[in-house]
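For reference, model.cif is printed below; it contains mmCIF, C-alpha atoms.
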```cif
data_coords
loop_
_atom_site.label_atom_id
_atom_site.label_comp_id
_atom_site.auth_asym_id
_atom_site.auth_seq_id
_atom_site.Cartn_x
_atom_site.Cartn_y
_atom_site.Cartn_z
CA MET A 1 -8.04 5.42 8.74
CA ALA A 2 -10.93 4.41 6.45
CA GLY A 3 -13.09 7.05 8.11
CA ILE A 4 -10.45 9.72 7.57
CA LEU A 5 -10.07 8.80 3.89
CA LYS A 6 -13.83 8.89 3.42
CA PHE A 7 -13.83 12.41 4.86
CA PHE A 8 -11.27 13.62 2.32
CA LEU A 9 -12.73 11.86 -0.70
CA PRO A 10 -15.05 14.03 -2.85
CA LYS A 11 -18.70 13.28 -2.07
CA ASP A 12 -19.49 13.16 -5.78
CA LYS A 13 -17.54 12.56 -8.93
CA ILE A 14 -17.48 16.26 -9.72
CA PHE A 15 -14.61 16.13 -12.22
CA TYR A 16 -16.21 13.32 -14.24
CA THR A 17 -19.48 15.26 -14.39
CA LEU A 18 -17.77 18.49 -15.41
CA PHE A 19 -15.70 16.80 -18.12
CA GLU A 20 -18.85 15.11 -19.43
CA ASN A 21 -20.65 18.46 -19.49
CA ALA A 22 -17.78 19.97 -21.45
CA SER A 23 -17.76 17.09 -23.95
CA GLU A 24 -21.53 17.44 -24.45
CA ASN A 25 -21.04 21.12 -25.22
CA LEU A 26 -18.38 20.17 -27.75
CA GLU A 27 -20.73 17.74 -29.45
CA LEU A 28 -23.42 20.42 -29.74
CA LEU A 29 -20.86 22.89 -31.09
CA SER A 30 -19.64 20.43 -33.72
CA LYS A 31 -23.22 19.74 -34.85
CA LEU A 32 -23.89 23.46 -35.14
CA LEU A 33 -20.72 23.89 -37.21
CA VAL A 34 -21.95 21.24 -39.64
CA LYS A 35 -25.22 23.16 -39.94
CA VAL A 36 -23.33 26.41 -40.49
CA VAL A 37 -21.24 25.04 -43.37
CA ASN A 38 -24.37 23.67 -45.05
CA GLU A 39 -26.44 26.85 -44.67
CA PRO A 40 -26.32 29.17 -47.70
CA ASP A 41 -28.22 32.03 -46.04
CA PHE A 42 -25.97 34.55 -44.23
CA GLY A 43 -28.65 35.54 -41.71
CA LYS A 44 -29.51 31.95 -40.77
CA ARG A 45 -25.81 31.16 -40.43
CA ASN A 46 -25.49 34.17 -38.13
CA ALA A 47 -28.22 32.79 -35.86
CA LEU A 48 -26.43 29.43 -35.71
CA ILE A 49 -23.10 31.13 -34.96
CA LYS A 50 -24.77 33.03 -32.10
CA GLU A 51 -25.83 29.67 -30.66
CA MET A 52 -22.22 28.55 -31.00
CA GLU A 53 -21.05 31.66 -29.14
CA ASP A 54 -23.44 30.94 -26.25
CA LEU A 55 -22.21 27.35 -26.03
CA GLU A 56 -18.58 28.45 -26.13
CA HIS A 57 -19.24 30.84 -23.23
CA ALA A 58 -21.03 28.06 -21.32
CA ASN A 59 -18.02 25.84 -21.86
CA ASP A 60 -15.73 28.56 -20.52
CA GLU A 61 -17.78 28.45 -17.32
CA VAL A 62 -17.37 24.67 -17.09
CA THR A 63 -13.60 25.00 -17.56
CA HIS A 64 -13.47 27.72 -14.90
CA THR A 65 -15.41 25.48 -12.51
CA ILE A 66 -12.98 22.61 -13.11
CA PHE A 67 -10.06 24.84 -12.17
CA ILE A 68 -11.87 26.06 -9.05
CA GLU A 69 -12.66 22.47 -8.00
CA LEU A 70 -9.05 21.53 -8.67
CA GLY A 71 -7.99 24.08 -6.09
CA LYS A 72 -10.62 22.99 -3.56
CA ASN A 73 -10.30 19.20 -3.71
CA PHE A 74 -7.46 17.52 -1.83
CA ILE A 75 -8.02 14.16 -3.52
CA THR A 76 -8.73 13.93 -7.26
CA PRO A 77 -9.65 10.91 -9.43
CA PHE A 78 -6.37 11.20 -11.34
CA ASP A 79 -3.30 13.48 -11.48
CA ARG A 80 -4.01 17.18 -11.05
CA GLU A 81 -1.76 17.88 -14.03
CA ASP A 82 -3.85 15.56 -16.20
CA ILE A 83 -7.07 17.20 -15.02
CA HIS A 84 -5.67 20.61 -15.92
CA SER A 85 -4.38 19.39 -19.30
CA LEU A 86 -7.66 17.70 -20.23
CA ALA A 87 -9.73 20.73 -19.20
CA SER A 88 -7.48 23.00 -21.26
CA ALA A 89 -7.63 20.68 -24.29
CA LEU A 90 -11.44 20.50 -24.19
CA ASP A 91 -11.63 24.28 -23.84
CA ASP A 92 -9.32 24.72 -26.84
CA ILE A 93 -11.57 22.47 -28.94
CA ALA A 94 -14.57 24.65 -28.10
CA ASP A 95 -12.65 27.85 -28.86
CA TYR A 96 -11.51 26.69 -32.28
CA ILE A 97 -14.88 25.25 -33.31
CA TYR A 98 -16.51 28.58 -32.49
CA ALA A 99 -13.70 30.47 -34.24
CA SER A 100 -14.32 28.37 -37.36
CA GLY A 101 -18.00 29.28 -37.46
CA LYS A 102 -17.32 32.94 -36.68
CA LYS A 103 -14.74 33.34 -39.43
CA ILE A 104 -17.14 32.02 -42.07
CA ASN A 105 -19.49 34.98 -41.69
CA PHE A 106 -16.81 37.47 -40.63
CA TYR A 107 -15.02 36.88 -43.94
CA LYS A 108 -18.32 36.51 -45.83
CA ILE A 109 -17.35 33.06 -47.09
CA ASP A 110 -20.01 30.85 -48.69
CA PRO A 111 -19.17 27.45 -47.12
CA THR A 112 -21.71 25.60 -49.25
CA SER A 113 -19.56 26.16 -52.33
CA ASP A 114 -16.45 24.53 -50.85
CA GLN A 115 -16.28 20.77 -50.26
CA GLY A 116 -13.09 21.12 -48.22
CA ILE A 117 -14.89 23.19 -45.59
CA GLN A 118 -17.84 20.80 -45.46
CA LYS A 119 -15.70 17.67 -45.28
CA THR A 120 -13.53 19.15 -42.53
CA ALA A 121 -16.65 19.99 -40.51
CA VAL A 122 -17.69 16.33 -40.74
CA ALA A 123 -14.20 15.21 -39.65
CA ILE A 124 -14.45 17.60 -36.69
CA GLN A 125 -17.80 16.12 -35.71
CA GLU A 126 -16.35 12.61 -35.89
CA ALA A 127 -13.34 13.56 -33.74
CA VAL A 128 -15.52 15.33 -31.16
CA ALA A 129 -17.90 12.36 -30.94
CA ALA A 130 -14.94 10.10 -30.17
CA VAL A 131 -13.62 12.59 -27.57
CA LYS A 132 -17.03 12.64 -25.89
CA GLN A 133 -17.20 8.85 -25.69
CA ALA A 134 -13.63 8.63 -24.37
CA VAL A 135 -14.44 11.18 -21.65
CA ARG A 136 -17.51 9.21 -20.60
CA GLU A 137 -15.42 6.05 -20.32
CA LEU A 138 -13.11 7.72 -17.79
CA ARG A 139 -15.60 6.85 -15.04
CA ASN A 140 -14.76 3.20 -15.59
CA LEU A 141 -11.08 2.86 -16.34
CA LYS A 142 -11.34 -0.93 -16.27
CA ASN A 143 -12.78 -0.85 -19.78
CA THR A 144 -9.61 0.40 -21.45
CA GLN A 145 -10.35 -1.15 -24.83
CA LYS A 146 -13.24 1.25 -25.46
CA ILE A 147 -11.03 4.22 -24.63
CA VAL A 148 -8.27 2.94 -26.92
CA GLU A 149 -10.83 2.57 -29.73
CA CYS A 150 -11.97 6.16 -29.15
CA VAL A 151 -8.40 7.45 -29.32
CA ILE A 152 -7.88 5.55 -32.60
CA ARG A 153 -11.04 7.19 -34.00
CA ILE A 154 -9.81 10.62 -32.90
CA ASN A 155 -6.46 10.05 -34.63
CA SER A 156 -8.21 8.78 -37.75
CA ALA A 157 -10.41 11.89 -37.93
CA GLU A 158 -7.35 14.11 -37.41
CA ASN A 159 -5.51 12.36 -40.24
CA LYS A 160 -8.55 12.78 -42.46
CA ALA A 161 -8.68 16.51 -41.66
CA ASP A 162 -4.96 16.80 -42.50
CA GLU A 163 -5.52 15.23 -45.91
CA ILE A 164 -8.51 17.48 -46.61
CA PHE A 165 -6.46 20.51 -45.55
CA ASP A 166 -3.59 19.61 -47.90
CA MET A 167 -5.92 19.05 -50.85
CA SER A 168 -7.88 22.23 -50.10
CA ILE A 169 -4.72 24.34 -49.94
CA GLU A 170 -3.42 22.80 -53.16
CA ARG A 171 -6.72 23.49 -54.91
CA LEU A 172 -6.84 27.02 -53.49
CA PHE A 173 -3.40 27.98 -54.81
CA ALA A 174 -4.19 26.44 -58.18
CA SER A 175 -7.33 28.57 -58.51
CA ASP A 176 -7.58 32.12 -59.83
CA VAL A 177 -9.00 33.71 -56.67
CA ASP A 178 -7.56 37.08 -55.69
CA ALA A 179 -5.06 37.46 -52.86
CA LYS A 180 -7.63 38.62 -50.29
CA GLU A 181 -9.90 35.64 -50.86
CA LEU A 182 -6.93 33.29 -50.80
CA ILE A 183 -5.84 34.60 -47.39
CA LYS A 184 -9.38 34.32 -46.00
CA MET A 185 -9.85 30.76 -47.20
CA ARG A 186 -6.42 29.62 -46.07
CA GLU A 187 -7.02 31.01 -42.56
CA LEU A 188 -10.38 29.26 -42.30
CA TYR A 189 -8.87 25.94 -43.43
CA GLN A 190 -6.12 26.33 -40.84
CA VAL A 191 -8.47 27.11 -37.96
CA MET A 192 -10.73 24.18 -38.80
CA GLU A 193 -7.78 21.80 -39.08
CA ILE A 194 -6.52 22.95 -35.67
CA VAL A 195 -9.79 21.73 -34.12
CA THR A 196 -8.87 18.13 -34.89
CA ASP A 197 -5.33 18.73 -33.61
CA LYS A 198 -6.85 19.84 -30.30
CA CYS A 199 -9.06 16.74 -30.28
CA GLU A 200 -5.91 14.67 -30.69
CA ASP A 201 -4.36 16.56 -27.75
CA ALA A 202 -7.37 15.62 -25.61
CA GLY A 203 -7.07 12.01 -26.77
CA ASN A 204 -3.39 11.97 -25.80
CA VAL A 205 -4.21 13.19 -22.28
CA ILE A 206 -6.93 10.56 -21.90
CA GLU A 207 -4.56 7.89 -23.17
CA SER A 208 -1.97 9.03 -20.61
CA ILE A 209 -4.56 8.71 -17.82
CA VAL A 210 -5.40 5.17 -18.96
CA VAL A 211 -1.73 4.16 -18.94
CA LYS A 212 -1.29 5.49 -15.39
CA TYR A 213 -4.46 4.23 -13.77
CA ALA A 214 -5.96 1.33 -15.71
#
```

Show how you would write the structure in this file as structure tokens.
Amino acid sequence: MAGILKFFLPKDKIFYTLFENASENLELLSKLLVKVVNEPDFGKRNALIKEMEDLEHANDEVTHTIFIELGKNFITPFDREDIHSLASALDDIADYIYASGKKINFYKIDPTSDQGIQKTAVAIQEAVAAVKQAVRELRNLKNTQKIVECVIRINSAENKADEIFDMSIERLFASDVDAKELIKMRELYQVMEIVTDKCEDAGNVIESIVVKYA
């Protein structure tokens, strides 16, 4: 029986490696977003956003590979539904980080003149860093305390982003900007705030895995 089980078990921890690769891409994307919101030059921002696009595409490939492996592997390290949910959550984070950077230049917004944009980018980076650490801890589910601490940090960053969003929207509607600019800014705030919501989704999946398997 032991020999049969060994035959079915994956020869490597492919899902852990793929999730870690995805989380590393997210960290790089979040760092690039911080650079974008602090770069006053449109052309230099465009070059940074192109790097973000390449990383987002690379992350799509990782997500696709996870789904392929999910179909190939009979035995997985945790529930197939959780693997699918976590892969989707990480992919959503990448999509919305890239969308945030893209909208800045698409709408010709100067992010260096808006503290709300800059502070939200920092909150995104904090949330993504916590997601990355939580993903790395999945290899050793015995150390649940570290994962719980990561989830708390993710939730804290999401709450911070919510507060920044509320204050930014309040300030925006109190300003004398025209309707077009108001719509552009509000959409950017919303997309950036969604990034931390998606980080919280990933944290919830990881927390669910811990409850089931720790």

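Between atom CA of A:Ile75 and atom CA of A:Ala87 there is a distance of 17.1 Å.
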
| query | Could you write out as a PyMOL selection string the residues that the PyMOL selection byres ((chain A and resi 51-53) around 12) matches in the shown file? | reply | chain A and resi 25-36+44-50+54-60+94-102

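Considering the residues A:Val131, A:Ile164, A:Val210, A:Val205 and counting only C-alpha atoms, A:Ser88 has its shortest atom-to-atom contact with A:Val205.
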
| query | Between atom CA of A:Thr120 and atom CA of A:Ile147, what is the spacing in Å? | reply | 23.4 Å

| task | For atom CA of A:Ile206 and atom CA of A:Glu187, determine how far apart the two atoms are, in Å to one decimal place. | result |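 Atom-to-atom, atom CA of A:Ile206 to atom CA of A:Glu187, that is 29.1 Å.
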
| Taking all atoms listed in the file into account, which of A:Val195, A:Ala22, A:Leu138, A:Ile104 comes nearest A:Glu39? |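 Going through A:Val195, A:Ala22, A:Leu138, A:Ile104 one by one, the smallest distance to A:Glu39 is for A:Ile104.
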
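Evaluated against this file, the PyMOL selection byres ((chain A and resi 110) around 12) yields Val36, Val37, Asn38, Glu39, Pro40, Asp41, Phe42, Arg45, Gly101, Lys103, Ile104, Asn105, Phe106, Tyr107, Lys108, Ile109, Pro111, Thr112, Ser113, Asp114, Gln115, Gly116, Ile117, Gln118, Glu181, Lys184, Met185 and Leu188 of chain A.
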
| request: Could you tell me which residues the PyMOL selection byres ((chain A and resi 136) around 12) grabs in this file, written as a list in words? | output: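 Applied to this file, the PyMOL selection byres ((chain A and resi 136) around 12) returns Phe15, Tyr16, Thr17, Leu18, Phe19, Glu20, Asn21, Ala22, Ser23, Glu24, Ala129, Ala130, Val131, Lys132, Gln133, Ala134, Val135, Glu137, Leu138, Arg139, Asn140, Leu141, Asn143, Thr144, Lys146, Ile147, Cys150 and Ile206 of chain A.
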
| Selected residue, from A:Glu61, A:Glu158, A:Glu193, A:Glu149, that lies nearest to A:Asp91 when counting all atoms listed in the file |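 Smallest distance to A:Asp91 is found for A:Glu61.
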